[in-house]
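Colleague: Have a look at the structure that comes next, please.
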Amino acid sequence: MTVETQPQFHVLAVDDSVLDRKLIERLLKTSSYQVTTVDSGTKALEFLGIQDENSENAASVSPHHQEVEVNLIITDYCMPGITGYDLLKKVKESSSLRDIPVVIMSSENIPSRISRCMEEGADEFFLKPVQLSDVSRLKPHILKKSVKCQDENQNQNKSVTTISSPTNNVSGNKRKATDDGICSERIRTRYSAGPVTIV
Amino acid sequence: MNSQDLQNLQLIQIALERIRNVERPLSVSSVSPFINNSTILSSCGVLCLNPTQESINQEGNTQREKAMDVNMLQRTYSDLLTSLFREGILNQQFTELQQLQDENNPGFVYEVVSLFFEDAGRLINELISNFNQQAVDYKKIDAYVHQLKGSSASIGAEKIRSVCQTFREYYDKNDIQGCYNCIQPLNQEFVTFKSKLEALFTLEQQIVAAGGSIPMMRH
């Protein structure tokens, strides 16, 4: 006889760095989340069931994807192709997905970037490297959304503008904010490790 | 040959067998935290003392030697790890990684650091070859350094991360010479990092093989 434990929440993690994907996956699984990792915003949209108009893939959305519920999306900001910010926008524009909490991760502490993301509806902005203490902040956002889904008639204020900083000693990490959220040109050779891993 | 001689011969044969099984006898003091030579590391531990005496008390001494092996390996490991933090080669993020490793994910740190070796090695090669071009594409180089900074930060490779940051500060000021001066140190820090971490992992393997556990440390 199996005892019904607390339901596992499912997080979709998006990062083009294989190393960072491994790290975020371990952080999330250690915190008892079910994790799917993808290496691009485009793949994230496919997984979520939104067609990316820039994508060359014209195949119809697999019905299977609709059954896989995603409770939170955590994405890197700077990625080749569509950025984490673009992904955030598309999720918030989608009627079926806009209630999914989105968290942005970035290695750069640029205030204008952070506020742009929060204004677009991000629930948290994590500075990399992400740590266990950051991941422990995810649960309230997931629970809040699931409560909201249960209570559809109530208007809840869903803006939580908190920014977490890493606790490790990374001093002077601020670069001159020369951009307004535009990533430097990213040239990255994608390593083979399957783009989508569902674990 | 009488039976006493035969017995002595047998004892000598046992002693010789034990001597032969020691790969490379070493004194304890020569095992330092800064060893890069994995051959030396692989043999640190077993000392052949008095063979005749040993062969008589074979069973007890084997266990004692094993305990000495594990203790010395563990001490060497702790010393090495402490020195890596003290010298600023590793930072707190590395400890975070170690905390994510458990009996269900015993190879996590090794896997992540191995990924970094590949990733960083590739990026540094790209950097060096790009700098050697006729027309250097600095924007591309900056992008590579940005990636390297990110991955070194992710695993706690503090010195590498720091040199990357210095590079990007020079880049922001359009100081080409400053950028160029970072490349060799970057490569050097990576080489040092790789050899130290490889030594650390080798020690871990040996501790486990000798039946010991990896010392947990607070930094």
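We label chains A, B, ... in the order they appear in the structure tokens, count residues from 1 in each chain, and number ligands from 1 in the order shown.
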Could the residues of chain B within 7 Å of chain A, counting only C-alpha atoms, be given as a list in words, please?
Modeller: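 Taking only C-alpha atoms into account, Gln92, Gln93, Val112, Leu115, Phe116, Ala143, Gly150, Ser151, Ala153 and Ser154 of chain B sit within 7 Å of chain A.
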Colleague: Show which residues sit within 8 Å of Asp39 in chain A, as a ChimeraX atom specification. Count only C-alpha atoms, and ignore same-chain residues fewer than 3 positions away.
Modeller: /A:14-18,21,43-44,195-196
Colleague: Keeping N, CA and C atoms, export the residues of the selection given above as a compact mmCIF listing (two decimals), in the first residue's frame.
Modeller:
# COMPACT_ATOMS: atom_id res chain seq x y z
N VAL A 14 14.80 26.32 -18.36
CA VAL A 14 15.30 26.67 -19.69
C VAL A 14 16.67 27.34 -19.56
N ASP A 15 17.69 26.74 -20.18
CA ASP A 15 19.03 27.35 -20.14
C ASP A 15 19.85 26.75 -21.26
N ASP A 16 20.58 27.60 -21.99
CA ASP A 16 21.36 27.07 -23.10
C ASP A 16 22.69 26.45 -22.63
N SER A 17 23.09 26.71 -21.40
CA SER A 17 24.34 26.14 -20.89
C SER A 17 24.08 24.76 -20.29
N VAL A 18 24.77 23.76 -20.78
CA VAL A 18 24.55 22.40 -20.30
C VAL A 18 24.95 22.28 -18.83
N ARG A 21 22.20 23.85 -16.79
CA ARG A 21 21.01 22.99 -16.80
C ARG A 21 21.18 21.88 -15.79
N LYS A 43 12.31 25.61 -27.72
CA LYS A 43 11.93 24.27 -27.25
C LYS A 43 10.97 24.38 -26.07
N ALA A 44 11.17 25.41 -25.27
CA ALA A 44 10.28 25.62 -24.12
C ALA A 44 8.86 25.88 -24.61
N PRO A 195 18.29 17.73 -26.02
CA PRO A 195 17.76 19.04 -25.67
C PRO A 195 16.63 19.00 -24.64
N VAL A 196 15.82 17.97 -24.73
CA VAL A 196 14.72 17.89 -23.78
C VAL A 196 14.90 16.65 -22.92
Colleague: I want to know what sits within 10 Å of Arg122 in chain B, based on only C-alpha atoms, with residues of the same chain fewer than 4 positions away left out; could you give that as number ranges by chain?
Modeller: A: 189; B: 116-118, 126-127, 144, 148
Colleague: What does the structure give for the distance between CA of Ser96 in chain A and CA of Ser31 in chain A, in Å to one decimal?
Modeller: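 Separation of CA of Ser96 in chain A and CA of Ser31 in chain A: 26.5 Å.
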Colleague: Excluding Lys90 in chain A and its own-chain neighbours fewer than 5 positions away, which residues fall within 9 Å of it when counting only C-alpha atoms? Please give them as a list in words.
Modeller: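 So the residues in contact are Leu45, Ile50, Asp52, Tyr85, Leu97 and Arg98 of chain A.
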Colleague: Could you save the residues just selected, with all heavy atoms, as a PDB file, in the first residue's frame?
Modeller:
ATOM      1  N   LEU A  45       8.743  26.730 -25.616  1.00  0.00           N
ATOM      2  CA  LEU A  45       7.427  27.049 -26.169  1.00  0.00           C
ATOM      3  C   LEU A  45       6.780  25.819 -26.781  1.00  0.00           C
ATOM      4  O   LEU A  45       5.578  25.582 -26.616  1.00  0.00           O
ATOM      5  CB  LEU A  45       7.543  28.163 -27.211  1.00  0.00           C
ATOM      6  CG  LEU A  45       7.910  29.543 -26.655  1.00  0.00           C
ATOM      7  CD1 LEU A  45       8.186  30.513 -27.792  1.00  0.00           C
ATOM      8  CD2 LEU A  45       6.807  30.088 -25.760  1.00  0.00           C
ATOM      9  N   ILE A  50       2.861  26.253 -27.214  1.00  0.00           N
ATOM     10  CA  ILE A  50       2.662  27.488 -27.983  1.00  0.00           C
ATOM     11  C   ILE A  50       3.505  27.404 -29.223  1.00  0.00           C
ATOM     12  O   ILE A  50       4.673  27.027 -29.171  1.00  0.00           O
ATOM     13  CB  ILE A  50       3.154  28.731 -27.210  1.00  0.00           C
ATOM     14  CG1 ILE A  50       2.626  28.749 -25.797  1.00  0.00           C
ATOM     15  CG2 ILE A  50       2.752  30.008 -27.933  1.00  0.00           C
ATOM     16  CD1 ILE A  50       3.229  29.884 -24.985  1.00  0.00           C
ATOM     17  N   ASP A  52       5.856  29.014 -31.762  1.00  0.00           N
ATOM     18  CA  ASP A  52       6.716  30.190 -31.891  1.00  0.00           C
ATOM     19  C   ASP A  52       6.714  30.581 -33.362  1.00  0.00           C
ATOM     20  O   ASP A  52       7.114  29.797 -34.219  1.00  0.00           O
ATOM     21  CB  ASP A  52       8.132  29.826 -31.436  1.00  0.00           C
ATOM     22  CG  ASP A  52       9.099  30.992 -31.617  1.00  0.00           C
ATOM     23  OD1 ASP A  52       8.627  32.127 -31.859  1.00  0.00           O
ATOM     24  OD2 ASP A  52      10.306  30.761 -31.518  1.00  0.00           O
ATOM     25  N   TYR A  85      13.504  36.781 -21.665  1.00  0.00           N
ATOM     26  CA  TYR A  85      12.514  37.856 -21.637  1.00  0.00           C
ATOM     27  C   TYR A  85      11.425  37.630 -22.697  1.00  0.00           C
ATOM     28  O   TYR A  85      10.234  37.783 -22.422  1.00  0.00           O
ATOM     29  CB  TYR A  85      13.211  39.206 -21.856  1.00  0.00           C
ATOM     30  CG  TYR A  85      12.253  40.371 -21.894  1.00  0.00           C
ATOM     31  CD1 TYR A  85      11.731  40.894 -20.715  1.00  0.00           C
ATOM     32  CD2 TYR A  85      11.846  40.941 -23.103  1.00  0.00           C
ATOM     33  CE1 TYR A  85      10.838  41.956 -20.738  1.00  0.00           C
ATOM     34  CE2 TYR A  85      10.963  41.997 -23.142  1.00  0.00           C
ATOM     35  CZ  TYR A  85      10.453  42.502 -21.956  1.00  0.00           C
ATOM     36  OH  TYR A  85       9.564  43.533 -21.984  1.00  0.00           O
ATOM     37  N   LEU A  97      -1.512  29.943 -20.531  1.00  0.00           N
ATOM     38  CA  LEU A  97      -0.269  29.783 -19.772  1.00  0.00           C
ATOM     39  C   LEU A  97       0.072  30.961 -18.854  1.00  0.00           C
ATOM     40  O   LEU A  97       0.982  30.866 -18.041  1.00  0.00           O
ATOM     41  CB  LEU A  97       0.917  29.568 -20.732  1.00  0.00           C
ATOM     42  CG  LEU A  97       0.828  28.355 -21.654  1.00  0.00           C
ATOM     43  CD1 LEU A  97       1.975  28.385 -22.652  1.00  0.00           C
ATOM     44  CD2 LEU A  97       0.863  27.060 -20.859  1.00  0.00           C
ATOM     45  N   ARG A  98      -0.668  32.048 -18.970  1.00  0.00           N
ATOM     46  CA  ARG A  98      -0.235  33.267 -18.277  1.00  0.00           C
ATOM     47  C   ARG A  98      -0.218  33.141 -16.762  1.00  0.00           C
ATOM     48  O   ARG A  98       0.436  33.916 -16.077  1.00  0.00           O
ATOM     49  CB  ARG A  98      -1.092  34.468 -18.686  1.00  0.00           C
ATOM     50  CG  ARG A  98      -2.530  34.441 -18.192  1.00  0.00           C
ATOM     51  CD  ARG A  98      -3.128  35.833 -18.293  1.00  0.00           C
ATOM     52  NE  ARG A  98      -3.158  36.281 -19.686  1.00  0.00           N
ATOM     53  CZ  ARG A  98      -4.247  36.373 -20.431  1.00  0.00           C
ATOM     54  NH1 ARG A  98      -5.421  36.013 -19.926  1.00  0.00           N
ATOM     55  NH2 ARG A  98      -4.186  36.821 -21.665  1.00  0.00           N
TER      56      ARG A  98
END
Colleague: So how many Å separate CA of Glu46 in chain A and CA of Cys78 in chain A, to one decimal?
Modeller: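 Going from CA of Glu46 in chain A over to CA of Cys78 in chain A covers 18.9 Å.
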Colleague: Pick out the residues sitting within 10 Å of range 191-194 of chain B, and hand them over as a list in words; count only C-alpha atoms, and ignore anything fewer than 2 positions along from it in its own chain.
Modeller: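 Contacts, with the query itself left out: Asn36, Leu84, Ile89, Leu90, Val113, Ser114, Phe116, Phe117, Gly121, Ala157, Glu158, Lys159, Ile160, Pro185, Leu186, Asn187, Gln188, Glu189, Lys196, Leu197, Glu198, Ala199 and Leu200 of chain B.
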Colleague: Do a neighbour search on Ile141 in chain B at 10 Å with only C-alpha atoms, toss out local chain neighbours closer than 5 positions, and write the hits as a PyMOL selection string.
Modeller: (chain A and resi 185+187) or (chain B and resi 123-124+126-128+130-131+136+146-147+168+171+179)
Colleague: Once you have the residues from the selection above, write them out as a compact mmCIF listing (two decimals), in the first residue's frame, restricted to N, CA, C and O atoms.
Modeller:
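Okay, selection.txt is ready:
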# COMPACT_ATOMS: atom_id res chain seq x y z
N GLU A 185 26.24 39.29 -28.03
CA GLU A 185 26.12 38.24 -29.03
C GLU A 185 26.60 36.91 -28.46
O GLU A 185 27.70 36.80 -27.96
N ILE A 187 27.63 33.20 -28.88
CA ILE A 187 28.01 32.15 -29.82
C ILE A 187 28.26 30.91 -29.00
O ILE A 187 29.18 30.86 -28.20
N LEU B 123 36.37 26.93 -24.70
CA LEU B 123 36.27 28.39 -24.76
C LEU B 123 37.66 29.04 -24.77
O LEU B 123 37.90 29.98 -25.52
N ILE B 124 38.56 28.53 -23.94
CA ILE B 124 39.90 29.13 -23.89
C ILE B 124 40.64 28.90 -25.20
O ILE B 124 41.34 29.80 -25.69
N GLU B 126 39.24 28.72 -28.09
CA GLU B 126 38.63 29.68 -29.01
C GLU B 126 39.20 31.07 -28.79
O GLU B 126 39.51 31.79 -29.73
N LEU B 127 39.34 31.42 -27.52
CA LEU B 127 39.89 32.74 -27.18
C LEU B 127 41.29 32.91 -27.75
O LEU B 127 41.59 33.91 -28.40
N ILE B 128 42.12 31.92 -27.48
CA ILE B 128 43.51 32.00 -27.94
C ILE B 128 43.58 32.07 -29.46
O ILE B 128 44.29 32.91 -30.03
N ASN B 130 41.27 33.04 -31.51
CA ASN B 130 40.69 34.29 -32.00
C ASN B 130 41.65 35.46 -31.85
O ASN B 130 41.72 36.35 -32.68
N PHE B 131 42.39 35.44 -30.76
CA PHE B 131 43.36 36.52 -30.54
C PHE B 131 44.51 36.46 -31.53
O PHE B 131 45.19 37.45 -31.78
N VAL B 136 41.06 40.74 -35.19
CA VAL B 136 40.47 40.14 -34.00
C VAL B 136 39.02 40.59 -33.82
O VAL B 136 38.74 41.79 -33.87
N HIS B 146 32.21 35.94 -21.54
CA HIS B 146 30.96 35.99 -20.78
C HIS B 146 30.49 34.58 -20.41
O HIS B 146 30.09 34.31 -19.28
N GLN B 147 30.57 33.67 -21.37
CA GLN B 147 30.19 32.28 -21.13
C GLN B 147 31.10 31.65 -20.08
O GLN B 147 30.62 30.94 -19.17
N ARG B 168 36.42 41.62 -18.84
CA ARG B 168 35.23 42.33 -19.31
C ARG B 168 35.25 43.80 -18.91
O ARG B 168 34.69 44.65 -19.60
N TYR B 171 37.36 45.34 -21.45
CA TYR B 171 36.59 45.39 -22.69
C TYR B 171 35.63 46.58 -22.69
O TYR B 171 35.50 47.29 -23.68
N CYS B 179 42.72 43.66 -22.21
CA CYS B 179 42.05 42.41 -22.57
C CYS B 179 43.08 41.33 -22.90
O CYS B 179 43.03 40.22 -22.39
Colleague: Could you tell me how far CA of Phe9 in chain A lies from CA of Asn71 in chain A, in Å and to one decimal?
Modeller: 6.0 Å
